[in-house]
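J.: The structure file query.txt (compact mmCIF, C-alpha atoms) is provided below.
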# COMPACT_ATOMS: atom_id res chain seq x y z
CA MET A 316 1.41 1.48 46.90
CA SER A 317 2.42 3.48 43.80
CA THR A 318 -0.01 5.50 41.67
CA SER A 319 0.47 2.95 38.85
CA GLU A 320 -0.39 0.04 41.13
CA THR A 321 -3.43 1.91 42.47
CA GLY A 322 -4.67 2.49 38.92
CA ASP A 323 -4.15 -1.14 37.99
CA THR A 324 -6.12 -2.26 41.05
CA THR A 325 -8.96 0.17 40.27
CA LEU A 326 -9.14 -1.05 36.66
CA GLN A 327 -9.16 -4.70 37.77
CA GLU A 328 -12.02 -3.96 40.17
CA PHE A 329 -13.96 -2.21 37.40
CA LEU A 330 -13.51 -5.08 34.93
CA ALA A 331 -14.33 -7.69 37.58
CA ASP A 332 -17.63 -5.94 38.41
CA PRO A 333 -20.33 -7.48 36.13
CA ASP A 334 -22.35 -4.25 36.34
CA HIS A 335 -19.92 -2.61 33.89
CA LEU A 336 -21.30 -4.84 31.13
CA THR A 337 -24.60 -2.93 31.12
CA LEU A 338 -23.10 0.57 31.04
CA ASP A 339 -23.47 2.78 27.98
CA LEU A 340 -20.23 3.42 26.10
CA PRO A 341 -19.47 7.00 27.28
CA THR A 342 -20.00 6.01 30.94
CA ALA A 343 -17.95 2.84 30.64
CA VAL A 344 -15.10 4.66 28.90
CA ALA A 345 -15.18 7.47 31.49
CA ARG A 346 -14.90 4.97 34.34
CA CYS A 347 -12.10 3.05 32.60
CA SER A 348 -10.32 6.33 31.97
CA HIS A 349 -10.60 7.28 35.64
CA ALA A 350 -9.38 3.83 36.70
CA LEU A 351 -6.35 4.22 34.44
CA GLY A 352 -5.57 7.67 35.81
CA LEU A 353 -6.21 9.49 32.51
CA ARG A 354 -7.49 13.04 32.74
CA HIS A 355 -10.02 13.32 29.89
CA THR A 356 -11.00 11.05 26.97
CA VAL A 357 -13.47 11.21 24.08
CA VAL A 358 -14.50 8.40 21.73
CA TYR A 359 -15.04 9.22 18.04
CA LEU A 360 -16.72 6.75 15.67
CA VAL A 361 -16.34 6.99 11.90
CA ASP A 362 -19.50 7.57 9.87
CA ILE A 363 -20.69 5.00 7.35
CA GLN A 364 -19.01 6.77 4.42
CA GLN A 365 -15.74 7.32 6.31
CA ARG A 366 -15.84 11.10 5.95
CA HIS A 367 -16.32 12.23 9.57
CA LEU A 368 -15.29 11.12 13.05
CA VAL A 369 -18.33 11.61 15.27
CA PRO A 370 -17.84 12.19 19.05
CA GLN A 371 -19.89 10.04 21.40
CA THR A 372 -20.44 13.00 23.71
CA GLY A 373 -22.10 16.37 23.19
CA MET A 374 -19.06 18.19 24.60
CA ALA A 375 -16.93 17.72 21.44
CA SER A 376 -17.32 18.45 17.75
CA ALA A 377 -16.93 16.11 14.78
CA GLN A 378 -13.54 15.81 13.10
CA PRO A 379 -13.06 15.36 9.33
CA VAL A 380 -11.29 12.17 8.30
CA ASP A 381 -9.46 14.22 5.67
CA GLY A 382 -7.80 17.32 7.07
CA SER A 383 -7.45 16.69 10.80
CA LEU A 384 -4.92 15.01 13.07
CA ALA A 385 -7.71 12.77 14.36
CA GLY A 386 -8.37 11.74 10.77
CA TRP A 387 -4.67 11.17 10.23
CA ALA A 388 -4.63 8.70 13.12
CA TYR A 389 -7.66 6.95 11.59
CA ARG A 390 -6.21 6.85 8.08
CA THR A 391 -2.78 5.56 9.10
CA GLN A 392 -3.90 3.43 12.08
CA ALA A 393 -1.14 5.04 14.12
CA LEU A 394 -0.80 7.32 17.16
CA ARG A 395 -0.79 11.08 16.54
CA VAL A 396 -0.13 13.81 19.12
CA GLU A 397 -0.90 17.55 19.09
CA GLU A 398 -0.72 20.45 21.52
CA SER A 399 -4.08 21.62 22.88
CA GLY A 400 -3.09 25.11 24.03
CA ALA A 401 -3.63 25.71 27.71
CA GLU A 402 -5.35 22.33 28.00
CA GLY A 403 -2.13 20.41 27.51
CA VAL A 404 -1.58 17.69 24.92
CA THR A 405 -4.01 15.45 23.05
CA ALA A 406 -3.06 11.99 21.82
CA TRP A 407 -5.19 10.38 19.11
CA PHE A 408 -5.29 6.58 19.26
CA PRO A 409 -6.87 4.49 16.46
CA LEU A 410 -9.75 2.25 17.53
CA LEU A 411 -9.30 -1.12 15.82
CA ASP A 412 -11.30 -4.33 15.87
CA GLY A 413 -8.63 -6.55 14.35
CA ALA A 414 -8.15 -4.97 10.91
CA GLU A 415 -11.44 -3.02 11.05
CA ARG A 416 -11.15 0.74 11.67
CA LEU A 417 -13.85 1.89 14.09
CA GLY A 418 -12.72 5.45 14.85
CA VAL A 419 -10.30 7.14 17.22
CA LEU A 420 -9.86 7.81 20.92
CA ALA A 421 -8.75 11.26 22.10
CA VAL A 422 -6.77 11.32 25.36
CA ASN A 423 -6.07 14.76 26.79
CA GLU A 424 -3.32 15.11 29.41
CA THR A 425 -1.35 17.96 30.93
CA ALA A 426 1.77 16.20 29.63
CA LEU A 427 2.23 12.85 27.96
CA THR A 428 4.52 10.26 29.51
CA ALA A 429 5.43 6.72 28.55
CA SER A 430 3.01 5.53 31.21
CA SER A 431 0.08 7.64 29.98
CA LEU A 432 0.67 6.53 26.39
CA THR A 433 0.66 2.88 27.46
CA ARG A 434 -2.55 3.42 29.40
CA GLY A 435 -4.07 5.26 26.45
CA ARG A 436 -3.34 2.29 24.18
CA ALA A 437 -4.86 -0.04 26.76
CA LEU A 438 -8.00 2.10 26.92
CA ALA A 439 -8.22 2.20 23.11
CA SER A 440 -8.09 -1.62 23.01
CA LEU A 441 -10.74 -1.94 25.71
CA THR A 442 -12.95 0.64 24.00
CA ALA A 443 -12.75 -1.13 20.64
CA MET A 444 -13.83 -4.39 22.28
CA MET A 445 -16.75 -2.64 24.00
CA ILE A 446 -17.87 -1.06 20.73
CA THR A 447 -17.69 -4.38 18.89
CA SER A 448 -19.66 -6.19 21.59
CA LYS A 449 -22.45 -3.58 21.77
CA ARG A 450 -22.94 -2.09 18.30
CA ALA A 451 -24.95 -5.06 16.99
CA TYR A 452 -27.82 -4.31 19.36
CA GLU A 453 -27.44 -0.68 20.53
CA ASP A 454 -28.94 1.69 17.96
CA SER A 455 -27.08 4.66 19.41
CA TYR A 456 -23.98 3.49 17.52
CA VAL A 457 -25.85 3.26 14.24
CA ARG A 458 -27.52 6.64 14.65
CA SER A 459 -24.27 8.40 15.41
CA THR A 460 -22.58 7.04 12.27
CA ARG A 461 -25.35 8.00 9.81
CA THR A 462 -25.84 11.41 8.25
CA GLU A 463 -28.88 10.50 6.13
CA ARG A 464 -31.98 8.32 6.35
CA MET A 465 -31.24 4.76 5.30
CA GLN A 466 -33.58 3.43 2.61
CA LEU A 467 -35.34 0.12 3.35
CA PRO A 468 -33.48 -2.08 0.80
CA ALA A 469 -30.16 -0.76 2.08
CA GLU A 470 -31.22 -1.27 5.71
CA MET A 471 -32.08 -4.89 5.02
CA LEU A 472 -28.99 -5.67 2.99
CA ARG A 473 -26.53 -4.02 5.39
CA ALA A 474 -27.85 -6.25 8.18
CA PHE A 475 -26.37 -9.21 6.28
CA LEU A 476 -22.95 -7.71 5.53
CA PRO A 477 -19.79 -8.65 7.43
CA PRO A 478 -17.39 -6.03 8.88
CA ARG A 479 -15.95 -3.67 6.28
CA THR A 480 -12.40 -4.97 6.87
CA ILE A 481 -11.05 -8.30 8.09
CA GLY A 482 -7.52 -9.65 8.23
CA ASN A 483 -4.72 -11.48 9.96
CA ALA A 484 -0.93 -11.68 9.65
CA GLN A 485 -1.19 -13.09 6.12
CA VAL A 486 -3.99 -11.20 4.41
CA VAL A 487 -6.31 -8.21 4.66
CA SER A 488 -9.64 -7.84 2.85
CA THR A 489 -11.61 -4.60 2.76
CA ALA A 490 -14.77 -3.38 1.01
CA VAL A 491 -16.93 -0.29 0.42
CA LEU A 492 -20.44 0.18 -1.02
CA GLU A 493 -22.05 3.29 -2.48
CA PRO A 494 -24.51 4.95 -2.51
CA ALA A 495 -24.23 4.14 1.17
CA TYR A 496 -27.88 4.82 2.05
CA GLU A 497 -29.54 3.59 -1.15
CA ILE A 498 -27.87 0.32 -2.17
CA GLY A 499 -30.31 -2.14 -3.70
CA GLY A 500 -28.67 -5.33 -4.93
CA ASP A 501 -24.90 -5.11 -4.44
CA ALA A 502 -23.31 -7.08 -1.62
CA PHE A 503 -19.99 -8.55 -0.51
CA ASP A 504 -18.78 -11.21 1.84
CA HIS A 505 -15.39 -12.17 3.24
CA ALA A 506 -14.36 -14.60 5.95
CA LEU A 507 -11.26 -16.33 7.27
CA THR A 508 -10.39 -19.83 8.35
CA GLU A 509 -6.98 -21.00 9.54
CA THR A 510 -5.96 -21.76 5.95
CA THR A 511 -8.21 -19.77 3.60
CA LEU A 512 -9.67 -16.37 2.78
CA HIS A 513 -13.18 -16.68 1.33
CA VAL A 514 -14.42 -13.70 -0.71
CA ALA A 515 -17.51 -12.95 -2.78
CA VAL A 516 -18.93 -9.89 -4.55
CA LEU A 517 -22.52 -10.02 -5.83
CA ASP A 518 -24.74 -7.83 -7.98
CA ALA A 519 -28.44 -8.79 -8.03
CA MET A 520 -30.78 -7.95 -10.89
CA GLY A 521 -32.64 -4.69 -10.33
CA HIS A 522 -32.41 -2.04 -7.64
CA ASN A 523 -35.24 -2.68 -5.19
CA LEU A 524 -36.22 -4.79 -2.19
CA ALA A 525 -36.37 -7.95 -4.32
CA SER A 526 -32.79 -7.27 -5.41
CA GLY A 527 -31.72 -7.03 -1.79
CA LEU A 528 -33.53 -10.28 -0.98
CA THR A 529 -31.72 -11.98 -3.86
CA SER A 530 -28.33 -10.91 -2.54
CA ALA A 531 -29.32 -11.84 1.03
CA VAL A 532 -30.34 -15.38 -0.03
CA ALA A 533 -27.15 -15.73 -2.09
CA LEU A 534 -25.02 -14.63 0.87
CA ALA A 535 -26.81 -17.04 3.22
CA ALA A 536 -26.40 -19.96 0.81
CA CYS A 537 -22.74 -19.10 0.27
CA ARG A 538 -22.04 -19.00 4.00
CA ASN A 539 -24.04 -22.15 4.70
CA ALA A 540 -22.07 -24.12 2.12
CA ARG A 541 -18.76 -22.61 3.19
CA ARG A 542 -19.34 -23.46 6.84
CA THR A 543 -19.98 -27.11 5.99
CA GLY A 544 -16.62 -27.33 4.20
CA ALA A 545 -17.92 -27.17 0.61
CA ASP A 546 -15.32 -26.70 -2.09
CA LEU A 547 -15.73 -23.84 -4.57
CA PRO A 548 -17.82 -25.68 -7.22
CA GLU A 549 -20.18 -27.10 -4.56
CA LEU A 550 -20.49 -23.68 -2.95
CA VAL A 551 -21.53 -22.00 -6.20
CA SER A 552 -23.99 -24.84 -6.93
CA ALA A 553 -25.54 -24.32 -3.49
CA VAL A 554 -26.20 -20.66 -4.31
CA ASP A 555 -27.69 -21.59 -7.69
CA GLU A 556 -30.01 -24.09 -6.05
CA ALA A 557 -31.08 -21.70 -3.29
CA LEU A 558 -31.97 -18.92 -5.72
CA ALA A 559 -33.79 -21.28 -8.08
CA THR A 560 -35.79 -22.68 -5.16
CA TRP A 561 -36.70 -19.57 -3.22
CA LEU A 562 -36.48 -16.74 -5.77
CA PRO A 563 -37.01 -18.45 -9.14
CA ASP A 564 -37.49 -15.17 -11.03
CA GLN A 565 -34.33 -13.55 -9.72
CA PHE A 566 -30.65 -13.90 -10.47
CA CYS A 567 -27.35 -12.22 -9.63
CA THR A 568 -23.86 -11.99 -11.05
CA ALA A 569 -20.96 -12.82 -8.75
CA VAL A 570 -17.29 -13.59 -8.36
CA VAL A 571 -16.51 -16.10 -5.62
CA CYS A 572 -12.87 -16.64 -4.55
CA GLN A 573 -10.85 -18.82 -2.22
CA LEU A 574 -7.26 -17.84 -1.39
CA ASP A 575 -4.83 -20.33 0.16
CA LEU A 576 -3.05 -18.25 2.78
CA ALA A 577 0.09 -20.41 2.86
CA THR A 578 0.77 -20.69 -0.88
CA GLY A 579 -1.02 -17.70 -2.41
CA LEU A 580 -3.00 -19.93 -4.78
CA LEU A 581 -6.20 -18.08 -5.72
CA ARG A 582 -9.16 -20.04 -7.10
CA TRP A 583 -12.28 -18.33 -8.37
CA THR A 584 -15.52 -18.74 -10.29
CA ASN A 585 -17.00 -15.89 -12.33
CA CYS A 586 -20.78 -15.97 -12.76
CA GLY A 587 -21.47 -13.29 -15.36
CA HIS A 588 -19.53 -10.63 -13.45
CA PRO A 589 -16.75 -8.16 -14.36
CA ALA A 590 -13.36 -9.85 -14.07
CA PRO A 591 -11.25 -8.98 -10.99
CA ILE A 592 -8.18 -6.75 -11.38
CA LEU A 593 -4.70 -7.85 -10.26
CA ILE A 594 -2.33 -5.15 -8.98
CA ARG A 595 1.34 -6.10 -8.61
CA ASP A 596 4.12 -3.69 -7.64
CA HIS A 597 1.63 -0.79 -8.01
CA ARG A 598 0.95 -1.76 -11.61
CA LEU A 599 -2.06 -3.29 -13.29
CA VAL A 600 -1.35 -6.77 -14.65
CA ILE A 601 -3.34 -6.60 -17.89
CA ASP A 602 -5.99 -9.33 -18.31
CA ALA A 603 -4.44 -11.41 -15.52
CA MET A 604 -7.87 -12.65 -14.36
CA GLU A 605 -9.83 -12.36 -17.60
CA ARG A 606 -11.59 -15.66 -18.24
CA GLU A 607 -14.78 -16.64 -20.04
CA ALA A 608 -17.58 -16.01 -17.55
CA ASP A 609 -20.27 -18.54 -16.63
CA PRO A 610 -23.97 -17.56 -16.54
CA PRO A 611 -25.22 -15.56 -13.52
CA MET A 612 -26.30 -17.39 -10.39
CA GLY A 613 -29.93 -18.48 -10.17
CA LEU A 614 -32.33 -18.94 -13.04
CA PRO A 615 -29.88 -18.65 -15.98
CA ALA A 616 -27.71 -21.39 -14.48
CA GLN A 617 -30.59 -23.88 -14.70
CA PHE A 618 -30.50 -23.76 -18.50
CA THR A 619 -26.84 -24.73 -18.85
CA SER A 620 -25.24 -28.14 -18.69
CA GLY A 621 -21.96 -29.10 -17.12
CA PRO A 622 -20.13 -27.74 -14.08
CA ARG A 623 -19.11 -24.13 -13.71
CA GLY A 624 -15.54 -23.18 -14.48
CA THR A 625 -12.99 -22.86 -11.70
CA HIS A 626 -9.91 -20.76 -12.46
CA GLU A 627 -6.54 -20.50 -10.71
CA ILE A 628 -3.71 -18.02 -10.44
CA SER A 629 -0.68 -17.87 -8.13
CA LEU A 630 -0.35 -14.58 -6.28
CA GLU A 631 2.97 -13.07 -5.33
CA PRO A 632 3.58 -11.51 -1.88
CA GLY A 633 2.11 -8.00 -1.80
CA ASP A 634 -0.33 -8.61 -4.66
CA ARG A 635 -3.71 -6.89 -4.42
CA VAL A 636 -6.85 -8.21 -6.10
CA LEU A 637 -9.69 -5.75 -6.70
CA MET A 638 -13.24 -6.96 -7.30
CA TYR A 639 -16.01 -4.58 -8.31
CA THR A 640 -19.56 -4.33 -9.65
CA ASP A 641 -20.45 -2.83 -13.02
CA GLY A 642 -21.83 0.30 -11.35
CA VAL A 643 -18.21 1.38 -10.90
CA VAL A 644 -17.16 1.36 -14.55
CA GLU A 645 -20.60 2.61 -15.65
CA ALA A 646 -20.24 5.75 -13.55
CA ARG A 647 -20.05 8.92 -15.63
CA THR A 648 -17.49 11.68 -15.45
CA ARG A 649 -18.39 15.34 -15.17
CA GLU A 650 -18.18 15.44 -18.97
CA ALA A 651 -21.00 12.84 -19.04
CA THR A 652 -18.76 10.13 -20.49
CA LEU A 653 -18.53 6.64 -19.04
CA LEU A 654 -15.69 6.07 -16.62
CA GLY A 655 -14.82 2.81 -18.36
CA LEU A 656 -12.38 0.10 -17.35
CA GLU A 657 -9.25 1.91 -18.57
CA ARG A 658 -9.89 5.09 -16.62
CA PHE A 659 -11.07 3.07 -13.61
CA ALA A 660 -7.81 1.10 -13.68
CA ASP A 661 -5.91 4.41 -13.66
CA TYR A 662 -7.88 5.51 -10.57
CA VAL A 663 -6.99 2.19 -8.92
CA ILE A 664 -3.28 2.52 -9.61
CA ARG A 665 -3.12 6.10 -8.35
CA ALA A 666 -5.13 5.23 -5.24
CA THR A 667 -2.88 2.28 -4.37
CA ALA A 668 0.50 3.70 -5.41
CA GLY A 669 1.18 5.70 -2.25
CA GLY A 670 2.07 2.75 -0.04
CA GLU A 671 -1.09 3.19 2.03
CA LEU A 672 -2.87 0.47 3.93
CA ALA A 673 -5.44 -1.36 1.80
CA PRO A 674 -8.51 0.00 3.67
CA GLU A 675 -7.30 3.57 3.17
CA SER A 676 -6.53 3.02 -0.51
CA LEU A 677 -10.07 1.74 -1.04
CA ARG A 678 -11.62 4.61 0.93
CA ARG A 679 -9.81 7.16 -1.24
CA LEU A 680 -10.70 5.27 -4.40
CA ILE A 681 -14.46 5.26 -3.79
CA HIS A 682 -14.36 8.92 -2.75
CA SER A 683 -12.57 9.78 -6.00
CA ILE A 684 -15.28 8.02 -7.99
CA LEU A 685 -18.01 9.77 -6.00
CA ALA A 686 -16.36 13.16 -6.47
CA MET A 687 -16.26 12.58 -10.21
CA GLN A 688 -20.02 11.83 -10.04
CA GLU A 689 -20.73 14.79 -7.73
CA ASP A 690 -21.66 12.23 -5.03
CA ARG A 691 -24.59 10.82 -7.03
CA LEU A 692 -24.08 7.38 -8.58
CA ARG A 693 -26.51 6.06 -11.18
CA ASP A 694 -26.11 2.49 -9.94
CA ASP A 695 -24.73 0.63 -6.94
CA ALA A 696 -20.95 0.57 -6.84
CA THR A 697 -19.14 -1.99 -4.72
CA LEU A 698 -15.39 -2.40 -4.36
CA LEU A 699 -13.60 -5.18 -2.50
CA MET A 700 -9.83 -5.48 -2.38
CA PHE A 701 -7.69 -8.08 -0.67
CA GLU A 702 -3.92 -8.13 -0.27
CA TRP A 703 -1.85 -11.25 0.29
CA ARG A 704 1.05 -10.44 2.56
CA PRO A 705 2.68 -13.56 4.02
CA PRO A 706 4.98 -12.98 7.00
CA SER A 707 8.11 -13.24 4.86
CA VAL A 708 7.20 -9.91 3.16
If you took the structure in this file and wrote it as structure tokens, what would it be?

T.:
Amino acid sequence: MSTSETGDTTLQEFLADPDHLTLDLPTAVARCSHALGLRHTVVYLVDIQQRHLVPQTGMASAQPVDGSLAGWAYRTQALRVEESGAEGVTAWFPLLDGAERLGVLAVNETALTASSLTRGRALASLTAMMITSKRAYEDSYVRSTRTERMQLPAEMLRAFLPPRTIGNAQVVSTAVLEPAYEIGGDAFDHALTETTLHVAVLDAMGHNLASGLTSAVALAACRNARRTGADLPELVSAVDEALATWLPDQFCTAVVCQLDLATGLLRWTNCGHPAPILIRDHRLVIDAMEREADPPMGLPAQFTSGPRGTHEISLEPGDRVLMYTDGVVEARTREATLLGLERFADYVIRATAGGELAPESLRRLIHSILAMQEDRLRDDATLLMFEWRPPSV
């Protein structure tokens, strides 16, 4: 039997053994690595602000997302290889859960071959699945990706948020929130069906635990209506009713969207929120989604008559739509002047003009805004961007 066949048999035996399901990540990855015949591997998870890649073993040091080959693999979602002196060669594989970037896998070998690269990719895929299956209930993952103490409102609200990035062959949607450890009322949601991308960005009144509760109830009502097949007007009405019933003194602004994946038809309702930005061919399409906004969700909506407005626009392949909360444009520059929509739009164009993947463009954009604020925002700032990219593109 060849070495390759022996490795395949060993891996099959490992995966068939139910005991592997209870192993901690470093042990499971080490055993998979041995079964695949790989010499040495290390898993790195990205921190919550996407600045550092944190090793899941004490034998390695953290790698910066900006300024390292490991970070390059994370940013581009592609394999990178470097010499490791007398230790041989290290290959950096991105760890991906669908469109979500989890971190990177380092595989160190005396020399890389086509076979070892294939096995490295297989291990990266297995590792990503293990991380996704365990991180919801193993606090070791959370601890290793935090550099500060999470404040209670942020802890509660983050428990309700979906993955940072989702996508399929037709669309990708990605979001970031800052200040990462102190968010109070901002939230986002995105989900996919076979035909539709559902997206929402919310900004609850205030910046405390009640604000987080408001966003949490709004998210739950939005998902509940969506999962019963409610159309956009019925979905927004369900959120209004939930907030008026359970939190009658609270309200939130929001933009709720539904994108038809086959045609690119985008429908949305704006409830007292900043209008989304449309980016086409790396240019801002001025006022493309500016419409008269309805009242915020919750209490204010109970004092208006008539249905909420539903707006439509046809996207073109490659279009990006950016949704944001007012904390973004109300950020102040180092000269103590408001960032404002015009300067924010310029940041957006520069961040998206390099042909980068949407998640990387958004990561760089929020870091640019934070750098301008010396990493201290006065209010929550949430960004969500989705890109329609049908297979014909």

J.: Do you have the CA of Leu432 (chain A)-CA of Leu368 (chain A) distance handy?

T.: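 Spanning CA of Leu432 (chain A) to CA of Leu368 (chain A) is a straight-line distance of 21.3 Å.
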
J.: Please compute the CA of Asp362 (chain A)-CA of Thr508 (chain A) distance, one decimal, in Å.

T.: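 These two atoms are separated by 28.9 Å.
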
J.: Skipping near chain neighbours, those fewer than 6 positions away, what residues fall within 9 Å of Ile363 (chain A) using all atoms listed in the file, listed as number ranges by chain?

T.: A: 457, 460-462, 495-496

J.: Can those selected residues be exported to a file as a compact mmCIF listing (two decimals), in the frame of the given file so that it contains C-alpha atoms?

T.:
# COMPACT_ATOMS: atom_id res chain seq x y z
CA VAL A 457 -25.85 3.26 14.24
CA THR A 460 -22.58 7.04 12.27
CA ARG A 461 -25.35 8.00 9.81
CA THR A 462 -25.84 11.41 8.25
CA ALA A 495 -24.23 4.14 1.17
CA TYR A 496 -27.88 4.82 2.05

J.: For Asp634 (chain A), work out the shell of residues within 7 Å, counting all atoms listed in the file and skipping chain neighbours fewer than 2 positions away, then give it as a VMD selection string.

T.: chain A and resid 594 to 595 630 to 632 636 702 to 703

J.: Could you pull the residues within 9 Å of region 660-672 of chain A, counting only C-alpha atoms, minus those fewer than 4 positions along the same chain, as a VMD selection string?

T.: chain A and resid 390 to 392 592 594 596 to 599 637 655 to 656 676 to 680 683 to 684

J.: Counting all atoms listed in the file, which residues sit no farther than 8 Å from the position (-35.3, -7.5, 0.6) in the file's frame? I'd like them as JSON, numbers by chain.

T.: {"A": [468, 471, 472, 523, 524, 525, 526, 527, 528, 529, 531]}

J.: With only C-alpha atoms as the atoms that count, which of A:Glu453, A:Asp564, A:Glu328, A:Asp412 lies nearest to Leu340 (chain A)?

T.: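 Closest residue, counting only C-alpha atoms: A:Glu453.
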
J.: What are the centre and edge lengths in Å, to one decimal, of the axis-aligned box around all listed atoms of region 574-581 of chain A with 5 Å added on each side, as lines of an AutoDock Vina configuration file?

T.:
center_x = -3.2
center_y = -19.2
center_z = -1.4
size_x = 18.0
size_y = 13.0
size_z = 18.6

J.: Using all atoms listed in the file, find the one residue out of A:Arg582, A:Asn423, A:Val570, A:Asp504 that sits nearest to Asp546 (chain A).

T.: A:Arg582

J.: Of the candidates A:Thr568, A:Tyr389, A:Ala401, A:Thr625, which one gets nearest to Ala414 (chain A) if we count all atoms listed in the file?

T.: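 Nearest to Ala414 (chain A): A:Tyr389.
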
J.: What is the distance, in Å and to one decimal place, between CA of Asp555 (chain A) and CA of His522 (chain A)?

T.: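 For CA of Asp555 (chain A) relative to CA of His522 (chain A), the distance reads 20.1 Å.
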
J.: If we count only C-alpha atoms, what is near region 604-608 of chain A at a cut-off of 6 Å, once residues fewer than 2 positions away on the same chain are taken out, given as a ChimeraX atom specification?

T.: /A:585-587,590,602

J.: Missing atoms in region 595-612 of chain A should be modelled up to N, CA and C atoms and reported as a PDB file, in the frame of the given file.

T.:
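Listed below is the output, out.pdb:
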ATOM      1  N   ARG A 595       0.054  -5.565  -9.072  1.00  0.00           N
ATOM      2  CA  ARG A 595       1.340  -6.100  -8.610  1.00  0.00           C
ATOM      3  C   ARG A 595       2.398  -5.009  -8.747  1.00  0.00           C
ATOM      4  N   ASP A 596       3.088  -4.740  -7.637  1.00  0.00           N
ATOM      5  CA  ASP A 596       4.120  -3.690  -7.640  1.00  0.00           C
ATOM      6  C   ASP A 596       3.541  -2.357  -8.129  1.00  0.00           C
ATOM      7  N   HIS A 597       2.311  -2.045  -7.667  1.00  0.00           N
ATOM      8  CA  HIS A 597       1.630  -0.790  -8.010  1.00  0.00           C
ATOM      9  C   HIS A 597       1.353  -0.652  -9.493  1.00  0.00           C
ATOM     10  N   ARG A 598       1.278  -1.776 -10.188  1.00  0.00           N
ATOM     11  CA  ARG A 598       0.950  -1.760 -11.610  1.00  0.00           C
ATOM     12  C   ARG A 598      -0.177  -2.744 -11.890  1.00  0.00           C
ATOM     13  N   LEU A 599      -0.990  -2.394 -12.862  1.00  0.00           N
ATOM     14  CA  LEU A 599      -2.060  -3.290 -13.290  1.00  0.00           C
ATOM     15  C   LEU A 599      -1.483  -4.392 -14.168  1.00  0.00           C
ATOM     16  N   VAL A 600      -1.756  -5.649 -13.826  1.00  0.00           N
ATOM     17  CA  VAL A 600      -1.350  -6.770 -14.650  1.00  0.00           C
ATOM     18  C   VAL A 600      -2.490  -7.018 -15.648  1.00  0.00           C
ATOM     19  N   ILE A 601      -2.282  -6.608 -16.884  1.00  0.00           N
ATOM     20  CA  ILE A 601      -3.340  -6.600 -17.890  1.00  0.00           C
ATOM     21  C   ILE A 601      -3.918  -8.004 -18.103  1.00  0.00           C
ATOM     22  N   ASP A 602      -5.253  -8.095 -17.999  1.00  0.00           N
ATOM     23  CA  ASP A 602      -5.990  -9.330 -18.310  1.00  0.00           C
ATOM     24  C   ASP A 602      -5.565 -10.530 -17.471  1.00  0.00           C
ATOM     25  N   ALA A 603      -4.951 -10.294 -16.321  1.00  0.00           N
ATOM     26  CA  ALA A 603      -4.440 -11.410 -15.520  1.00  0.00           C
ATOM     27  C   ALA A 603      -5.553 -12.364 -15.085  1.00  0.00           C
ATOM     28  N   MET A 604      -6.770 -11.824 -14.833  1.00  0.00           N
ATOM     29  CA  MET A 604      -7.870 -12.650 -14.360  1.00  0.00           C
ATOM     30  C   MET A 604      -9.055 -12.648 -15.321  1.00  0.00           C
ATOM     31  N   GLU A 605      -8.792 -12.297 -16.559  1.00  0.00           N
ATOM     32  CA  GLU A 605      -9.830 -12.360 -17.600  1.00  0.00           C
ATOM     33  C   GLU A 605     -10.024 -13.817 -18.030  1.00  0.00           C
ATOM     34  N   ARG A 606     -11.224 -14.315 -17.806  1.00  0.00           N
ATOM     35  CA  ARG A 606     -11.590 -15.660 -18.240  1.00  0.00           C
ATOM     36  C   ARG A 606     -13.020 -15.600 -18.775  1.00  0.00           C
ATOM     37  N   GLU A 607     -13.400 -16.594 -19.563  1.00  0.00           N
ATOM     38  CA  GLU A 607     -14.780 -16.640 -20.040  1.00  0.00           C
ATOM     39  C   GLU A 607     -15.698 -16.848 -18.845  1.00  0.00           C
ATOM     40  N   ALA A 608     -16.688 -15.976 -18.717  1.00  0.00           N
ATOM     41  CA  ALA A 608     -17.580 -16.010 -17.550  1.00  0.00           C
ATOM     42  C   ALA A 608     -18.698 -17.029 -17.742  1.00  0.00           C
ATOM     43  N   ASP A 609     -19.091 -17.671 -16.644  1.00  0.00           N
ATOM     44  CA  ASP A 609     -20.270 -18.540 -16.630  1.00  0.00           C
ATOM     45  C   ASP A 609     -21.534 -17.701 -16.534  1.00  0.00           C
ATOM     46  N   PRO A 610     -22.710 -18.310 -16.704  1.00  0.00           N
ATOM     47  CA  PRO A 610     -23.970 -17.560 -16.540  1.00  0.00           C
ATOM     48  C   PRO A 610     -24.122 -17.063 -15.105  1.00  0.00           C
ATOM     49  N   PRO A 611     -24.954 -16.046 -14.890  1.00  0.00           N
ATOM     50  CA  PRO A 611     -25.220 -15.560 -13.520  1.00  0.00           C
ATOM     51  C   PRO A 611     -25.795 -16.671 -12.638  1.00  0.00           C
ATOM     52  N   MET A 612     -25.743 -16.446 -11.343  1.00  0.00           N
ATOM     53  CA  MET A 612     -26.300 -17.390 -10.390  1.00  0.00           C
ATOM     54  C   MET A 612     -27.828 -17.320 -10.414  1.00  0.00           C
TER      55      MET A 612
END
